[in-house]
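J.: Take this structure first; my questions come after.
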Amino acid sequence: MLARVVTVPDVTAALAAEVGRRLRTTTGPFQLALDGGPAVLAALDSIAAIPAQWSRAGIWQVSESIVAEAHPARVWPSLWGQLAVPANFNGIPVDPVGDPVGERAAQRYSASLTAPPCRGVLDCVVLELAADGGIGALRPGSPALRERGDVAVIAGQDGTPAQVTLTLPAFAKARAIVLVAPGADRREAVRRLLAGDAGVPAGRLRHPHFMVFVKASG
């Protein structure tokens, strides 16, 4: 099933409200994967303010760059620092010195993901739609789009760092996908997504519980 599009005046507020609703209506452990896109990171304070039983939640990264922690491309410091909730945080264990390619980090993260309490099934994956139709670290033409496992390594190119990322199969197994498209520059990407255009990563997503928050124009 293709996505259900919801037009909202503020995608960050809508995202926080949706995460809160899902957390409050899920019994038992709740496994939440968060993208490192600007709109998702901007929503972290609002998500942290949600009155819910965070102690039963697990927080997972969608992707992480294989760079030092102080590098601006690293997601973990923002995720861990801003989302100040008593949840179980599961960061991608990148080590740019000892594991510069990221193979060990991908193996360790995959093992954590498939172990209890997650067992390879995330309750909700939050992604930001890029203007080129990319989602997370998955960009158009990326070899990782053909990956069959839940975790993959994307080699760096054109000066960008290598990344460890969840994959399309991991997203497909999740119980729900929430995508945010925060600006007018994402309209063409939303159109291609809704058309099921496999030429963009977002167009490859198929899920029975898949919604997209699009910012209202004006």
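Quick note on naming: the chains in the structure tokens go A, B, ... in the order shown, residues restart at 1 in each chain, and ligands are numbered from 1 in order of appearance.
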Compile the contact shell of Asp95 (chain A) as a list in words: residues with an atom at most 9 Å away, counting only C-alpha atoms, same-chain residues fewer than 2 positions apart removed.
T.: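 Surrounding residues, per the criterion: Ile66, Val67, Ala68, Pro93, Val97, Gly98, Asp99, Pro100, Val101, Gly102, Arg104 and Ala105 of chain A.
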J.: Would you kindly return, as a list in words, each protein, DNA or RNA residue with an atom no farther than 9 Å from any atom of region 106-109 of chain A, considering only C-alpha atoms and excluding same-chain residues fewer than 2 positions away?
T.: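 My reading of the contact set: Asn90, Gly91, Ile92, Pro93, Val94, Gly102, Glu103, Arg104, Ala111, Ser112, Leu113, Thr114, Val151, Ala152, Val153, Val164 and Thr165 of chain A.
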J.: Go ahead and write the residues just picked, N, CA and C atoms, as a JSON list (two decimals), in the first residue's frame.
T.:
```
[["chain", "number", "residue", "atom", "x", "y", "z"],
["A", 90, "ASN", "N", 19.81, 2.85, 21.52],
["A", 90, "ASN", "CA", 20.61, 1.88, 20.77],
["A", 90, "ASN", "C", 21.29, 2.59, 19.61],
["A", 91, "GLY", "N", 22.49, 3.07, 19.84],
["A", 91, "GLY", "CA", 23.22, 3.79, 18.81],
["A", 91, "GLY", "C", 23.98, 2.85, 17.89],
["A", 92, "ILE", "N", 24.20, 3.30, 16.67],
["A", 92, "ILE", "CA", 25.03, 2.52, 15.74],
["A", 92, "ILE", "C", 26.49, 2.70, 16.17],
["A", 93, "PRO", "N", 27.18, 1.60, 16.49],
["A", 93, "PRO", "CA", 28.51, 1.70, 17.13],
["A", 93, "PRO", "C", 29.63, 1.95, 16.15],
["A", 94, "VAL", "N", 29.61, 3.11, 15.49],
["A", 94, "VAL", "CA", 30.66, 3.41, 14.52],
["A", 94, "VAL", "C", 31.97, 3.71, 15.23],
["A", 102, "GLY", "N", 33.17, 0.30, 8.43],
["A", 102, "GLY", "CA", 31.87, 0.14, 9.07],
["A", 102, "GLY", "C", 31.31, -1.26, 9.09],
["A", 103, "GLU", "N", 32.08, -2.25, 8.64],
["A", 103, "GLU", "CA", 31.56, -3.62, 8.58],
["A", 103, "GLU", "C", 31.24, -4.17, 9.97],
["A", 104, "ARG", "N", 32.14, -3.96, 10.92],
["A", 104, "ARG", "CA", 31.89, -4.46, 12.28],
["A", 104, "ARG", "C", 30.71, -3.73, 12.92],
["A", 111, "ALA", "N", 23.01, -7.40, 14.98],
["A", 111, "ALA", "CA", 22.83, -8.35, 16.09],
["A", 111, "ALA", "C", 21.95, -7.75, 17.17],
["A", 112, "SER", "N", 22.15, -6.47, 17.48],
["A", 112, "SER", "CA", 21.31, -5.81, 18.49],
["A", 112, "SER", "C", 19.87, -5.72, 18.03],
["A", 113, "LEU", "N", 19.69, -5.42, 16.75],
["A", 113, "LEU", "CA", 18.34, -5.25, 16.20],
["A", 113, "LEU", "C", 17.55, -6.55, 16.22],
["A", 114, "THR", "N", 18.21, -7.66, 15.97],
["A", 114, "THR", "CA", 17.51, -8.94, 15.90],
["A", 114, "THR", "C", 17.35, -9.62, 17.26],
["A", 151, "VAL", "N", 20.65, -4.28, 7.78],
["A", 151, "VAL", "CA", 21.65, -3.23, 8.00],
["A", 151, "VAL", "C", 22.69, -3.31, 6.88],
["A", 152, "ALA", "N", 23.08, -2.15, 6.37],
["A", 152, "ALA", "CA", 24.07, -2.11, 5.28],
["A", 152, "ALA", "C", 25.06, -0.98, 5.53],
["A", 153, "VAL", "N", 26.19, -1.07, 4.82],
["A", 153, "VAL", "CA", 27.19, -0.01, 4.83],
["A", 153, "VAL", "C", 27.16, 0.68, 3.47],
["A", 164, "VAL", "N", 26.53, 3.74, 8.03],
["A", 164, "VAL", "CA", 25.86, 2.49, 8.35],
["A", 164, "VAL", "C", 24.38, 2.81, 8.44],
["A", 165, "THR", "N", 23.54, 2.01, 7.80],
["A", 165, "THR", "CA", 22.13, 2.37, 7.71],
["A", 165, "THR", "C", 21.20, 1.17, 7.77]]
```
J.: Using only C-alpha atoms, which protein or nucleic acid residues come within 10 Å of Ser217 (chain A)? Drop anything in the same chain fewer than 5 positions from it, and give the result as a compact mmCIF listing (two decimals) with C-alpha atoms, in the first residue's frame.
T.:
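Once everything was written out, this is around08.txt:
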```txt
# COMPACT_ATOMS: atom_id res chain seq x y z
CA THR A 7 -1.16 18.08 5.08
CA VAL A 8 -0.31 19.94 8.28
CA PRO A 9 0.81 23.48 9.18
CA GLY A 183 9.13 22.01 2.51
CA ALA A 184 7.93 22.99 -0.94
```
J.: Identify, on the basis of only C-alpha atoms, every residue whose closest approach to Val19 (chain A) does not exceed 10 Å; exclude the query and any residue fewer than 5 positions from it along the same chain; express the result as a list in words.
T.: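 Residues near the query, excluding close chain neighbours: Ala14, Arg24, Leu32, Ile47, Ile50, Cys124, Val125, Val126 and Val178 of chain A.
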J.: Atoms to include: C-alpha atoms. Write the selected residues as a compact mmCIF listing (two decimals), in the first residue's frame.
T.:
```
# COMPACT_ATOMS: atom_id res chain seq x y z
CA ALA A 14 2.46 16.61 13.80
CA ARG A 24 0.59 5.57 24.32
CA LEU A 32 11.22 3.65 17.65
CA ILE A 47 8.96 14.29 21.18
CA ILE A 50 5.44 13.68 25.28
CA CYS A 124 7.68 2.83 14.15
CA VAL A 125 10.29 4.16 11.73
CA VAL A 126 10.48 7.94 11.32
CA VAL A 178 6.04 7.90 9.31
```
J.: Could you check which of A:Leu79, A:Leu168, A:Ala130, A:Leu41 is closest to Arg148 (chain A), using only C-alpha atoms?
T.: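 So, comparing all the options, the nearest one is A:Leu168.
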J.: Just checking: using only C-alpha atoms, which residue out of A:Arg4, A:His71, A:His209, A:Arg119 ends up closest to Ala176 (chain A)?
T.: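 Nearest candidate to Ala176 (chain A) out of A:Arg4, A:His71, A:His209, A:Arg119: A:His209.
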J.: Contacts of Gly58 (chain A) at 6 Å or less, counting only C-alpha atoms, minus same-chain residues fewer than 2 places along, as a PyMOL selection string?
T.: chain A and resi 31+87-89
J.: Pick out the closest residue to Gly120 (chain A) from this set: A:Trp60, A:Asp132, A:Leu179, A:Ala155. Count only C-alpha atoms.
T.: A:Trp60
J.: Considering only C-alpha atoms, state which residue in the set A:Gln82, A:Gly134, A:Leu127, A:Glu69 is at the smallest distance from Asp197 (chain A).
T.: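 The answer is A:Gly134, which sits nearest to Asp197 (chain A).
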J.: Taking the chain letters and numbering used in this document, name the residues of region 88-176 of chain A that DSSP puts in helix (DSSP H, G or I), as a VMD selection string.
T.: chain A and resid 103 to 114 143 to 146 168 to 173
